[in-house]
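J.: Sharing data-v3.txt here; it has compact mmCIF, C-alpha atoms.
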```txt
# COMPACT_ATOMS: atom_id res chain seq x y z
CA MET A 1237 -2.29 26.56 47.96
CA GLY A 1238 -2.55 27.80 51.50
CA SER A 1239 -5.35 26.72 53.78
CA THR A 1240 -7.97 28.04 51.39
CA ALA A 1241 -6.25 26.53 48.44
CA LEU A 1242 -8.94 26.29 45.83
CA GLY A 1243 -9.54 29.99 46.04
CA GLY A 1244 -13.18 29.92 45.04
CA ALA A 1245 -15.01 32.54 43.05
CA ALA A 1246 -13.70 36.07 43.04
CA PRO A 1247 -15.85 38.80 44.59
CA ALA A 1248 -18.34 40.38 42.23
CA ARG A 1249 -16.49 43.69 42.51
CA ALA A 1250 -13.38 45.02 44.13
CA GLY A 1251 -15.25 47.07 46.68
CA LEU A 1252 -16.64 44.13 48.67
CA ALA A 1253 -15.73 44.41 52.33
CA HIS A 1254 -13.03 42.09 53.62
CA LYS A 1255 -13.89 39.95 56.63
CA ASN A 1256 -10.97 40.29 59.00
CA GLY A 1257 -9.78 37.08 60.58
CA ALA A 1258 -8.85 36.67 64.17
CA LEU A 1259 -5.17 37.30 63.51
CA GLY A 1260 -5.43 41.05 63.14
CA SER A 1261 -2.26 43.10 63.33
CA CYS A 1262 0.97 41.44 64.38
CA SER A 1263 2.76 44.44 65.78
CA SER A 1264 3.17 42.49 69.01
CA PHE A 1265 5.57 39.95 67.45
CA ILE A 1266 8.66 39.17 69.51
CA LEU A 1267 11.21 40.42 67.01
CA LYS A 1268 14.27 38.82 68.55
CA THR A 1269 16.39 37.78 65.63
CA SER A 1270 19.27 35.54 64.79
CA PRO A 1271 21.79 36.68 62.12
CA ARG A 1272 22.70 33.19 60.92
CA PHE A 1273 21.67 33.84 57.34
CA GLY A 1274 21.74 37.31 55.84
CA CYS A 1275 18.86 38.60 53.76
CA SER A 1276 19.41 39.82 50.25
CA SER A 1277 18.40 43.30 49.21
CA HIS A 1278 15.01 44.20 47.75
CA ARG A 1279 14.73 43.34 44.08
CA VAL A 1280 12.59 44.11 41.10
CA ARG A 1281 10.10 41.29 40.97
CA ALA A 1282 10.85 38.76 38.25
CA SER A 1283 8.40 37.26 35.79
CA ILE A 1284 8.38 34.01 33.82
CA ALA A 1285 9.80 35.87 30.83
CA SER A 1286 12.44 37.79 32.79
CA SER A 1287 16.18 37.40 32.52
CA PRO A 1288 17.81 36.34 35.78
CA GLN A 1289 21.05 38.06 34.81
CA LYS A 1290 19.26 41.41 34.54
CA GLN A 1291 17.07 40.99 37.59
CA TYR A 1292 19.51 39.52 40.13
CA SER A 1293 23.09 40.02 41.12
CA SER A 1294 23.39 38.71 44.70
CA LYS A 1295 24.15 35.12 45.62
CA ALA A 1296 21.99 32.83 47.72
CA SER A 1297 23.20 32.16 51.27
CA ALA A 1298 24.31 28.55 51.08
CA VAL A 1299 23.84 26.34 54.11
CA LYS A 1300 26.80 24.17 55.03
CA SER A 1301 26.39 20.42 54.88
CA GLY A 1302 24.96 19.16 58.15
CA GLU A 1303 24.09 22.62 59.44
CA GLU A 1304 20.60 22.87 60.93
CA VAL A 1305 18.13 25.37 59.53
CA HIS A 1306 15.53 26.33 62.11
CA ILE A 1307 12.03 26.51 60.64
CA ALA A 1308 8.81 28.22 61.73
CA VAL A 1309 5.50 26.92 60.36
CA LEU A 1310 2.75 29.53 60.62
CA GLY A 1311 -0.76 28.11 60.36
CA ALA A 1312 0.34 24.59 61.24
CA SER A 1313 -3.16 23.27 61.97
CA GLY A 1314 -4.24 23.27 58.31
CA TYR A 1315 -3.63 20.62 55.68
CA THR A 1316 -0.67 22.40 54.08
CA GLY A 1317 0.97 22.95 57.48
CA ALA A 1318 0.59 19.27 58.35
CA GLU A 1319 2.03 18.33 54.98
CA ILE A 1320 5.07 20.54 55.61
CA VAL A 1321 5.65 18.63 58.87
CA ARG A 1322 5.28 15.25 57.12
CA LEU A 1323 7.74 16.19 54.38
CA LEU A 1324 10.31 17.67 56.76
CA ALA A 1325 10.37 14.42 58.75
CA ASN A 1326 12.76 13.17 56.05
CA HIS A 1327 14.72 16.41 55.68
CA PRO A 1328 18.28 16.11 57.04
CA GLN A 1329 18.78 19.84 57.77
CA PHE A 1330 15.42 21.56 58.30
CA ARG A 1331 14.23 21.38 61.91
CA ILE A 1332 10.91 22.86 63.04
CA THR A 1333 11.33 25.02 66.15
CA VAL A 1334 8.21 27.22 66.03
CA MET A 1335 4.63 26.24 65.11
CA THR A 1336 1.62 28.55 65.27
CA ALA A 1337 -2.12 27.94 65.21
CA ASP A 1338 -4.17 30.63 66.93
CA ARG A 1339 -7.24 28.49 67.62
CA LYS A 1340 -5.13 25.54 68.81
CA ALA A 1341 -2.61 27.55 70.83
CA GLY A 1342 -1.21 25.61 73.77
CA GLU A 1343 -1.99 22.22 72.28
CA GLN A 1344 0.48 19.55 71.25
CA PHE A 1345 0.69 19.08 67.51
CA ASP A 1346 -0.11 15.36 67.69
CA SER A 1347 -3.44 16.18 69.33
CA VAL A 1348 -4.36 18.01 66.12
CA PHE A 1349 -2.73 15.52 63.74
CA PRO A 1350 -2.28 12.15 65.51
CA HIS A 1351 -0.63 10.59 62.45
CA LEU A 1352 2.46 12.75 63.17
CA ILE A 1353 2.86 11.72 66.82
CA THR A 1354 6.32 10.27 66.14
CA GLN A 1355 7.76 13.71 65.35
CA ASP A 1356 9.61 15.75 67.97
CA LEU A 1357 7.81 19.08 67.64
CA PRO A 1358 7.19 22.19 69.73
CA ASN A 1359 3.72 22.96 71.08
CA LEU A 1360 1.47 25.21 69.04
CA VAL A 1361 1.41 28.90 69.96
CA ALA A 1362 -0.54 31.94 68.80
CA VAL A 1363 1.18 33.98 66.10
CA LYS A 1364 1.49 36.99 68.43
CA ASP A 1365 3.43 34.84 70.93
CA ALA A 1366 5.86 33.33 68.42
CA ASP A 1367 9.55 33.90 69.16
CA PHE A 1368 11.64 34.14 65.97
CA SER A 1369 14.98 34.71 67.72
CA LYS A 1370 16.28 31.28 66.69
CA VAL A 1371 14.42 30.93 63.39
CA ASP A 1372 16.09 31.05 59.99
CA ALA A 1373 13.17 30.48 57.62
CA VAL A 1374 9.37 30.50 57.61
CA PHE A 1375 6.67 28.52 55.85
CA CYS A 1376 3.53 30.66 56.01
CA CYS A 1377 0.47 28.41 55.64
CA LEU A 1378 -2.15 30.93 56.72
CA PRO A 1379 -5.36 31.69 54.77
CA HIS A 1380 -5.45 34.23 51.96
CA GLY A 1381 -5.82 37.80 53.14
CA THR A 1382 -4.23 37.19 56.55
CA THR A 1383 -0.56 36.94 55.68
CA GLN A 1384 0.33 40.39 54.34
CA GLU A 1385 0.68 42.21 57.67
CA ILE A 1386 2.17 39.16 59.37
CA ILE A 1387 4.92 38.73 56.79
CA ARG A 1388 5.52 42.48 56.70
CA ASP A 1389 6.29 42.44 60.45
CA LEU A 1390 8.58 39.40 60.42
CA PRO A 1391 12.33 39.95 60.98
CA GLN A 1392 13.93 41.07 57.75
CA GLN A 1393 16.66 38.43 57.66
CA LEU A 1394 14.21 35.51 57.51
CA LYS A 1395 13.72 33.55 54.31
CA ILE A 1396 9.98 33.17 53.72
CA VAL A 1397 7.85 30.92 51.53
CA ASP A 1398 4.21 32.03 51.57
CA LEU A 1399 1.69 29.37 50.55
CA SER A 1400 -1.27 31.76 50.37
CA ALA A 1401 -2.24 33.81 47.31
CA ASP A 1402 -1.30 37.10 48.94
CA PHE A 1403 1.92 37.75 47.00
CA ARG A 1404 1.31 35.89 43.74
CA LEU A 1405 -0.16 38.72 41.67
CA ARG A 1406 2.30 41.49 40.76
CA ASP A 1407 -0.43 44.06 40.10
CA ILE A 1408 -1.91 45.17 43.44
CA ASN A 1409 -4.94 46.60 41.65
CA GLU A 1410 -5.63 43.22 40.11
CA TYR A 1411 -5.21 41.67 43.55
CA ALA A 1412 -7.82 44.06 44.96
CA GLU A 1413 -10.20 43.26 42.11
CA TRP A 1414 -10.03 39.49 42.62
CA TYR A 1415 -9.66 39.30 46.41
CA GLY A 1416 -12.01 42.11 47.43
CA HIS A 1417 -9.66 44.33 49.45
CA ALA A 1418 -6.61 46.52 48.97
CA HIS A 1419 -3.23 44.88 49.43
CA ARG A 1420 -1.79 45.66 52.87
CA ALA A 1421 1.91 45.23 52.05
CA PRO A 1422 2.46 46.59 48.53
CA GLU A 1423 6.19 47.06 49.11
CA LEU A 1424 6.52 43.31 49.67
CA GLN A 1425 4.40 42.59 46.62
CA GLU A 1426 7.15 44.20 44.56
CA GLU A 1427 9.85 42.12 46.25
CA ALA A 1428 8.15 38.72 46.16
CA VAL A 1429 9.31 36.18 43.58
CA TYR A 1430 6.78 33.77 42.07
CA GLY A 1431 7.79 30.24 43.04
CA LEU A 1432 7.14 28.02 40.02
CA THR A 1433 10.36 26.15 40.65
CA GLU A 1434 11.18 24.52 37.32
CA VAL A 1435 10.47 27.78 35.44
CA LEU A 1436 11.93 30.43 37.78
CA ARG A 1437 14.70 28.51 39.52
CA ASP A 1438 17.39 31.21 39.29
CA GLU A 1439 15.14 33.95 40.65
CA ILE A 1440 13.94 31.75 43.52
CA ARG A 1441 17.50 30.86 44.48
CA ASN A 1442 18.24 34.52 45.23
CA ALA A 1443 14.91 35.49 46.79
CA ARG A 1444 14.05 36.43 50.35
CA LEU A 1445 10.27 36.11 49.90
CA VAL A 1446 8.73 33.52 47.56
CA ALA A 1447 5.05 33.40 46.66
CA ASN A 1448 4.34 29.69 46.33
CA PRO A 1449 2.05 29.03 43.33
CA GLY A 1450 -1.49 27.79 43.62
CA CYS A 1451 -2.35 24.17 42.90
CA TYR A 1452 -4.30 24.74 39.68
CA PRO A 1453 -1.72 27.24 38.33
CA THR A 1454 1.11 24.76 38.97
CA SER A 1455 -0.58 21.94 37.06
CA ILE A 1456 -1.48 24.28 34.18
CA GLN A 1457 1.65 26.38 33.79
CA LEU A 1458 4.19 23.54 33.87
CA PRO A 1459 2.98 22.17 30.51
CA LEU A 1460 1.76 25.39 28.88
CA VAL A 1461 4.57 27.85 29.65
CA PRO A 1462 7.25 26.00 27.61
CA LEU A 1463 4.87 25.55 24.66
CA ILE A 1464 3.88 29.21 24.67
CA LYS A 1465 7.50 30.35 24.96
CA ALA A 1466 8.37 28.22 21.94
CA LYS A 1467 5.36 29.60 20.02
CA LEU A 1468 4.10 26.07 19.37
CA ILE A 1469 0.50 26.79 20.39
CA LYS A 1470 -1.81 29.69 19.68
CA LEU A 1471 -2.64 32.10 22.46
CA SER A 1472 -6.35 32.06 21.70
CA ASN A 1473 -8.91 29.36 22.52
CA ILE A 1474 -7.02 27.83 25.45
CA ILE A 1475 -9.63 25.84 27.34
CA ILE A 1476 -8.86 24.23 30.71
CA ASP A 1477 -11.02 21.77 32.64
CA ALA A 1478 -9.51 21.05 36.05
CA LYS A 1479 -10.51 18.78 38.92
CA SER A 1480 -9.32 18.79 42.53
CA GLY A 1481 -9.62 16.65 45.62
CA VAL A 1482 -11.49 18.12 48.59
CA THR A 1483 -8.36 18.98 50.60
CA GLY A 1484 -7.83 21.79 48.12
CA ALA A 1485 -10.69 23.64 49.81
CA GLY A 1486 -8.86 23.72 53.15
CA ARG A 1487 -9.63 22.18 56.54
CA GLY A 1488 -12.24 24.65 57.72
CA ALA A 1489 -15.81 23.38 58.18
CA LYS A 1490 -17.93 24.39 55.19
CA GLU A 1491 -21.41 23.18 54.29
CA ALA A 1492 -20.46 22.72 50.63
CA ASN A 1493 -17.67 20.31 51.67
CA LEU A 1494 -19.77 18.03 53.86
CA TYR A 1495 -19.67 14.37 52.86
CA THR A 1496 -23.33 14.32 51.83
CA GLU A 1497 -22.79 17.39 49.65
CA ILE A 1498 -19.81 16.07 47.68
CA ALA A 1499 -20.07 12.27 47.77
CA GLU A 1500 -20.90 10.39 44.58
CA GLY A 1501 -20.67 13.44 42.37
CA ILE A 1502 -18.65 16.20 40.79
CA HIS A 1503 -19.08 19.84 41.67
CA ALA A 1504 -18.20 22.68 39.28
CA TYR A 1505 -17.58 26.00 41.01
CA GLY A 1506 -15.97 29.39 40.48
CA ILE A 1507 -17.20 29.40 36.89
CA LYS A 1508 -16.03 32.55 35.12
CA GLY A 1509 -14.54 33.95 38.29
CA HIS A 1510 -12.06 31.63 40.01
CA ARG A 1511 -9.24 33.45 41.81
CA HIS A 1512 -6.55 31.30 40.22
CA VAL A 1513 -7.46 32.67 36.76
CA PRO A 1514 -5.40 35.89 37.04
CA GLU A 1515 -2.46 33.90 38.40
CA VAL A 1516 -2.50 31.52 35.43
CA GLU A 1517 -3.02 34.35 32.95
CA GLN A 1518 -0.16 36.33 34.49
CA GLY A 1519 2.24 33.41 33.98
CA LEU A 1520 1.07 32.57 30.48
CA SER A 1521 1.14 36.25 29.46
CA ASP A 1522 4.71 36.54 30.76
CA ALA A 1523 5.69 33.55 28.65
CA ALA A 1524 3.96 34.97 25.57
CA GLU A 1525 5.06 38.56 26.23
CA SER A 1526 1.49 39.53 25.37
CA LYS A 1527 -1.91 39.20 27.01
CA VAL A 1528 -3.29 35.66 27.26
CA THR A 1529 -6.88 34.98 28.30
CA ILE A 1530 -8.06 31.47 29.17
CA SER A 1531 -11.36 29.67 29.60
CA PHE A 1532 -11.12 27.84 32.94
CA THR A 1533 -13.59 25.65 34.83
CA PRO A 1534 -12.55 24.07 38.15
CA ASN A 1535 -14.35 21.08 39.63
CA LEU A 1536 -14.36 19.52 43.09
CA ILE A 1537 -14.49 15.74 43.09
CA CYS A 1538 -14.98 13.26 45.90
CA MET A 1539 -11.43 12.27 46.69
CA LYS A 1540 -9.11 13.45 49.44
CA ARG A 1541 -6.17 14.65 47.37
CA GLY A 1542 -5.06 14.90 43.77
CA MET A 1543 -5.53 17.25 40.83
CA GLN A 1544 -5.95 16.80 37.10
CA SER A 1545 -5.89 19.62 34.57
CA THR A 1546 -7.01 18.86 31.03
CA MET A 1547 -5.96 21.56 28.56
CA PHE A 1548 -7.35 21.95 25.06
CA VAL A 1549 -5.06 23.99 22.81
CA GLU A 1550 -4.81 24.99 19.16
CA MET A 1551 -1.41 24.34 17.60
CA ALA A 1552 0.47 26.94 15.58
CA PRO A 1553 0.46 26.42 11.79
CA GLY A 1554 2.61 23.47 10.76
CA VAL A 1555 3.03 22.21 14.33
CA THR A 1556 2.11 18.63 15.22
CA VAL A 1557 1.33 16.84 18.47
CA SER A 1558 4.70 15.15 18.11
CA ASP A 1559 6.35 18.60 18.13
CA LEU A 1560 4.59 19.48 21.39
CA TYR A 1561 5.64 16.18 22.96
CA LYS A 1562 9.27 16.54 21.86
CA HIS A 1563 9.51 20.09 23.17
CA LEU A 1564 8.10 19.19 26.59
CA LYS A 1565 10.36 16.15 26.69
CA SER A 1566 13.46 18.24 26.01
CA THR A 1567 12.34 21.02 28.37
CA TYR A 1568 11.96 18.69 31.34
CA GLU A 1569 14.75 16.27 30.48
CA GLY A 1570 16.73 15.81 33.67
CA GLU A 1571 14.07 17.37 35.89
CA GLU A 1572 13.40 15.17 38.90
CA PHE A 1573 9.82 16.16 39.60
CA VAL A 1574 8.26 16.84 36.18
CA LYS A 1575 7.86 13.77 33.99
CA LEU A 1576 6.41 13.33 30.51
CA LEU A 1577 4.86 9.88 30.21
CA ASN A 1578 5.80 7.57 27.37
CA GLY A 1579 3.64 6.86 24.33
CA SER A 1580 -0.11 6.94 24.90
CA ASN A 1581 0.08 6.47 28.68
CA VAL A 1582 -2.52 8.65 30.40
CA PRO A 1583 -1.54 10.50 33.61
CA HIS A 1584 -3.76 9.60 36.58
CA THR A 1585 -3.93 11.28 39.96
CA ARG A 1586 -3.44 7.95 41.76
CA HIS A 1587 0.06 7.75 40.28
CA VAL A 1588 1.32 10.88 42.07
CA VAL A 1589 -0.40 10.69 45.50
CA GLY A 1590 1.89 11.76 48.34
CA SER A 1591 4.71 12.81 45.97
CA ASN A 1592 6.15 16.02 44.56
CA TYR A 1593 5.78 14.79 40.98
CA CYS A 1594 3.90 16.33 38.08
CA PHE A 1595 3.09 13.77 35.37
CA MET A 1596 1.87 14.93 31.96
CA ASN A 1597 1.28 13.80 28.40
CA VAL A 1598 0.06 15.17 25.08
CA PHE A 1599 -2.64 13.69 22.87
CA GLU A 1600 -4.05 14.41 19.42
CA ASP A 1601 -7.56 15.85 19.40
CA ARG A 1602 -10.22 14.61 16.98
CA ILE A 1603 -10.47 18.20 15.77
CA PRO A 1604 -7.65 18.85 13.29
CA GLY A 1605 -5.02 21.27 14.52
CA ARG A 1606 -5.87 20.85 18.20
CA ALA A 1607 -4.17 18.93 21.00
CA ILE A 1608 -5.15 17.76 24.49
CA ILE A 1609 -2.65 17.99 27.35
CA ILE A 1610 -3.25 16.22 30.65
CA SER A 1611 -1.30 17.11 33.78
CA VAL A 1612 -1.66 15.57 37.25
CA ILE A 1613 -0.22 16.50 40.66
CA ASP A 1614 -0.92 15.90 44.33
CA ASN A 1615 -2.57 19.20 45.22
CA LEU A 1616 -1.05 19.15 48.73
CA VAL A 1617 2.50 18.34 47.63
CA LYS A 1618 3.57 19.68 44.23
CA GLY A 1619 0.52 21.94 44.40
CA ALA A 1620 1.50 23.35 47.80
CA SER A 1621 3.82 22.07 50.54
CA GLY A 1622 6.18 20.00 48.40
CA GLN A 1623 6.88 22.86 46.02
CA ALA A 1624 7.32 25.12 49.07
CA VAL A 1625 10.05 22.82 50.45
CA GLN A 1626 11.60 22.62 46.98
CA ASN A 1627 11.71 26.43 46.88
CA LEU A 1628 13.19 26.84 50.36
CA ASN A 1629 15.86 24.27 49.53
CA LEU A 1630 16.89 26.50 46.64
CA MET A 1631 16.77 29.64 48.78
CA MET A 1632 19.05 28.01 51.37
CA GLY A 1633 21.54 26.75 48.78
CA LEU A 1634 20.58 23.08 49.21
CA PRO A 1635 19.82 20.52 46.49
CA GLU A 1636 16.16 21.18 45.71
CA ASN A 1637 15.16 17.51 46.06
CA THR A 1638 16.34 17.35 49.68
CA GLY A 1639 13.65 15.73 51.81
CA LEU A 1640 11.33 15.31 48.82
CA GLN A 1641 12.25 11.92 47.44
CA TYR A 1642 9.00 10.28 48.51
CA GLN A 1643 7.66 7.88 45.91
CA PRO A 1644 3.94 8.01 45.13
CA LEU A 1645 1.67 5.92 47.39
CA PHE A 1646 -0.03 3.25 45.28
CA PRO A 1647 -2.49 1.61 45.33
```
Represent the supplied structure as structure tokens.
T.:
Amino acid sequence: MGSTALGGAAPARAGLAHKNGALGSCSSFILKTSPRFGCSSHRVRASIASSPQKQYSSKASAVKSGEEVHIAVLGASGYTGAEIVRLLANHPQFRITVMTADRKAGEQFDSVFPHLITQDLPNLVAVKDADFSKVDAVFCCLPHGTTQEIIRDLPQQLKIVDLSADFRLRDINEYAEWYGHAHRAPELQEEAVYGLTEVLRDEIRNARLVANPGCYPTSIQLPLVPLIKAKLIKLSNIIIDAKSGVTGAGRGAKEANLYTEIAEGIHAYGIKGHRHVPEVEQGLSDAAESKVTISFTPNLICMKRGMQSTMFVEMAPGVTVSDLYKHLKSTYEGEEFVKLLNGSNVPHTRHVVGSNYCFMNVFEDRIPGRAIIISVIDNLVKGASGQAVQNLNLMMGLPENTGLQYQPLFP
């Protein structure tokens, strides 16, 4: 998700000028490095339809039991950065040693997020002052458009999970079209592996740089990718209505996110041009091995966190709702974080709050031959920081549920 998680509408055309943030170039990084974990060589970027055996040959650098992994959190003053800190409080091997927040540099973290005062954390520093000499891995929680040059200049042996959208799209021309500026690290775009954990686990395990998926794309692709791969649904007429809590829009002050603007209502936005559309279509097209185009409408609703995606699909000839249910059930059998609900139980966002779970179910539509799929996640956990921790666990050779066994907070 990153700190501008919901993405918003894409620019009207690719040529729109990019507004540079305060971060600028990071050539002044202190590039003192520690060789504790070697980096793997550059790789051809994998897709959802790719074969891990063809794409990868190296092994992940496994961390020994009890060995500390030193973590840097870049952009720690946003919601996703704070959520990384909360989740790592229960992680037995990840220890945060560097935290950056340019506008809060010099402050203690608990002055920004008092609810995390019990954690033993370093003070916040500006990115340019960060010392990576004793860092093994990085969570990059900076806004879209600001991470490319920063990640490019990081020490090459670091494992990196980027929570922005900067490395999610394989096609740099498509990135420029949707994000309004040319990509500033195209060589890394080729190396980055898309981090939809349950779908691309083998590729993630061997990656150096993982592009953590967006919140909407996570909730949509987890149910649809297996069904498309199995040719159980048609590729046309896929309609998605999705709703997100306000934290998905990031922590920055915006008029549209003021209480009086969003309270007691629902707010459709990014109609016809939301930046998560090409990310979803890329994943679904990989699964189908042909171009897939969706109809997608996101909505902001007055709750702090949570996301529900309702997908309307047309089944392939002879396929029933029961077939869809059985295939999803078998696909995610044994998966810890993706659960298909029993019978006619409807997934609700309140059932996954604070957890890394994705709950889903399939229902028969009143229109013959169509089905309705509902998927819910916590947009800050499975839709962002939780999946990021899950991915870094894999990259470091640890069980992917390490530090993530929080049960949902209810009521």
J.: For Asn1637 of chain A, which of A:Gln1425, A:Asp1614, A:Glu1434, A:Glu1439 is the closest residue, counting all atoms listed in the file?
T.: A:Glu1434
J.: Around (25.9, 21.3, 50.3) in the file's frame, which residues reach within 6 Å when counting all atoms listed in the file? Return as a PDB file with C-alpha atoms, in the frame of the given file?
T.:
```pdb
ATOM      1  CA  LYS A1300      26.800  24.170  55.030  1.00  0.00           C
ATOM      2  CA  SER A1301      26.390  20.420  54.880  1.00  0.00           C
ATOM      3  CA  LEU A1634      20.580  23.080  49.210  1.00  0.00           C
TER       4      LEU A1634
END
```
J.: Give me the residues of segment 1308-1339 of chain A that have any atom at most 12 Å from an atom of segment 1483-1506 of chain A; for each, the nearest atom pair and the distance in Å, rounded to one decimal. Use all atoms listed in the file, sort by chain and number, and format it as JSON lines.
T.:
```
{"residue": "A:Gly1311", "atom": "CA", "partner": "A:Arg1487", "partner_atom": "CA", "distance": 11.3}
{"residue": "A:Ala1312", "atom": "CA", "partner": "A:Arg1487", "partner_atom": "CA", "distance": 11.3}
{"residue": "A:Ser1313", "atom": "CA", "partner": "A:Arg1487", "partner_atom": "CA", "distance": 8.5}
{"residue": "A:Gly1314", "atom": "CA", "partner": "A:Arg1487", "partner_atom": "CA", "distance": 5.8}
{"residue": "A:Tyr1315", "atom": "CA", "partner": "A:Arg1487", "partner_atom": "CA", "distance": 6.3}
{"residue": "A:Thr1316", "atom": "CA", "partner": "A:Gly1486", "partner_atom": "CA", "distance": 8.3}
{"residue": "A:Gly1317", "atom": "CA", "partner": "A:Arg1487", "partner_atom": "CA", "distance": 10.7}
{"residue": "A:Ala1318", "atom": "CA", "partner": "A:Arg1487", "partner_atom": "CA", "distance": 10.8}
{"residue": "A:Glu1319", "atom": "CA", "partner": "A:Thr1483", "partner_atom": "CA", "distance": 11.3}
{"residue": "A:Arg1339", "atom": "CA", "partner": "A:Gly1488", "partner_atom": "CA", "distance": 11.7}
```
J.: Restricted to C-alpha atoms, what would the selected residues look like written as an mmCIF file, in the coordinates of the input?
T.:
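Below you can see result-v3.cif, which holds the result:
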```cif
data_model
loop_
_atom_site.group_PDB
_atom_site.id
_atom_site.type_symbol
_atom_site.label_atom_id
_atom_site.label_comp_id
_atom_site.auth_asym_id
_atom_site.auth_seq_id
_atom_site.Cartn_x
_atom_site.Cartn_y
_atom_site.Cartn_z
ATOM 1 C CA GLY A 1311 -0.760 28.110 60.360
ATOM 2 C CA ALA A 1312 0.340 24.590 61.240
ATOM 3 C CA SER A 1313 -3.160 23.270 61.970
ATOM 4 C CA GLY A 1314 -4.240 23.270 58.310
ATOM 5 C CA TYR A 1315 -3.630 20.620 55.680
ATOM 6 C CA THR A 1316 -0.670 22.400 54.080
ATOM 7 C CA GLY A 1317 0.970 22.950 57.480
ATOM 8 C CA ALA A 1318 0.590 19.270 58.350
ATOM 9 C CA GLU A 1319 2.030 18.330 54.980
ATOM 10 C CA ARG A 1339 -7.240 28.490 67.620
#
```
J.: Between atom CA of Thr1382 of chain A and atom CA of Asp1402 of chain A, what is the spacing in Å?
T.: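 We find that atom CA of Asp1402 of chain A and atom CA of Thr1382 of chain A lie 8.2 Å from each other.
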J.: Atom CA of Leu1360 of chain A and atom CA of Leu1378 of chain A are how many Å apart?
T.: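 Distance reported for this atom pair: 14.1 Å.
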J.: Expressed in Å to a single decimal, how great is the separation between atom CA of Leu1390 of chain A and atom CA of Phe1330 of chain A?
T.: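 Atom CA of Phe1330 of chain A lies at a distance of 19.2 Å from atom CA of Leu1390 of chain A.
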J.: Any idea what's packed within 10 Å of Thr1546 of chain A, counting all atoms listed in the file, ignoring anything in its chain fewer than 4 positions away? Could you give it as a list in words?
T.: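 What passes the distance filter is Ser1455, Ile1456, Ile1475, Ile1476, Asp1477, Ala1478, Lys1479, Met1596, Val1598, Ile1608, Ile1609, Ile1610, Ser1611 and Val1612 of chain A.
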J.: Using all atoms listed in the file and a cutoff of 12 Å, can you tell me which residues are near (-3.0, 39.7, 27.3) in the file's coordinates, and write them out as an MDAnalysis selection string?
T.: chainID A and resid 1471:1472 1514 1516:1530
J.: Measuring between all atoms listed in the file, which one of A:Tyr1561, A:Tyr1415, A:Phe1532, A:Phe1368 shows the shortest distance to Leu1468 of chain A?
T.: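 Among the listed residues, the smallest separation from Leu1468 of chain A belongs to A:Tyr1561.
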J.: Which one is closest to Pro1647 of chain A: A:Met1632, A:Ala1624, A:Val1589, A:Ala1552? Count only C-alpha atoms.
T.: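 Checking each candidate against Pro1647 of chain A, we get A:Val1589 as the closest.
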J.: Taking all atoms listed in the file into account, which of A:Leu1577, A:Val1321, A:Val1513, A:Val1371 comes nearest Phe1345 of chain A?
T.: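 Distance minimum relative to Phe1345 of chain A lands on A:Val1321.
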J.: Please provide as JSON, numbers by chain all residues within 12 Å of Gln1623 of chain A, with the sequence filter that same-chain residues fewer than 3 positions apart are discarded (counting all atoms listed in the file).
T.: {"A": [1237, 1238, 1316, 1319, 1320, 1323, 1375, 1397, 1398, 1399, 1430, 1431, 1432, 1433, 1434, 1437, 1440, 1446, 1447, 1448, 1449, 1450, 1451, 1454, 1455, 1573, 1574, 1591, 1592, 1593, 1594, 1613, 1614, 1615, 1616, 1617, 1618, 1619, 1620, 1626, 1627, 1628, 1629, 1630, 1636, 1637, 1638, 1639, 1640]}
J.: Considering all atoms listed in the file, state which residue in the set A:Ala1607, A:Ala1418, A:Val1625, A:Val1482 is at the smallest distance from Asn1535 of chain A.
T.: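 Using all atoms listed in the file, Asn1535 of chain A sits closest to A:Val1482.
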J.: Report as number ranges by chain all protein, DNA and RNA residues lying within 7 Å of Met1539 of chain A, evaluated on only C-alpha atoms, omitting residues in the same chain fewer than 2 positions from it.
T.: A: 1481-1482, 1537, 1541
J.: Return the single residue from A:Val1309, A:Ala1428, A:Ala1362, A:Val1557 that is closest to Asp1601 of chain A, with distances computed using only C-alpha atoms.
T.: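 Closest to Asp1601 of chain A of all the choices is A:Val1557.
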J.: Please give the centre and size of the box around segment 1581-1590 of chain A (axis-aligned, containing every atom listed in the file, 5 Å added per side), with values in Å to one decimal and written as lines of an AutoDock Vina configuration file.
T.:
```
center_x = -1.0
center_y = 9.1
center_z = 38.5
size_x = 15.8
size_y = 15.3
size_z = 29.7
```
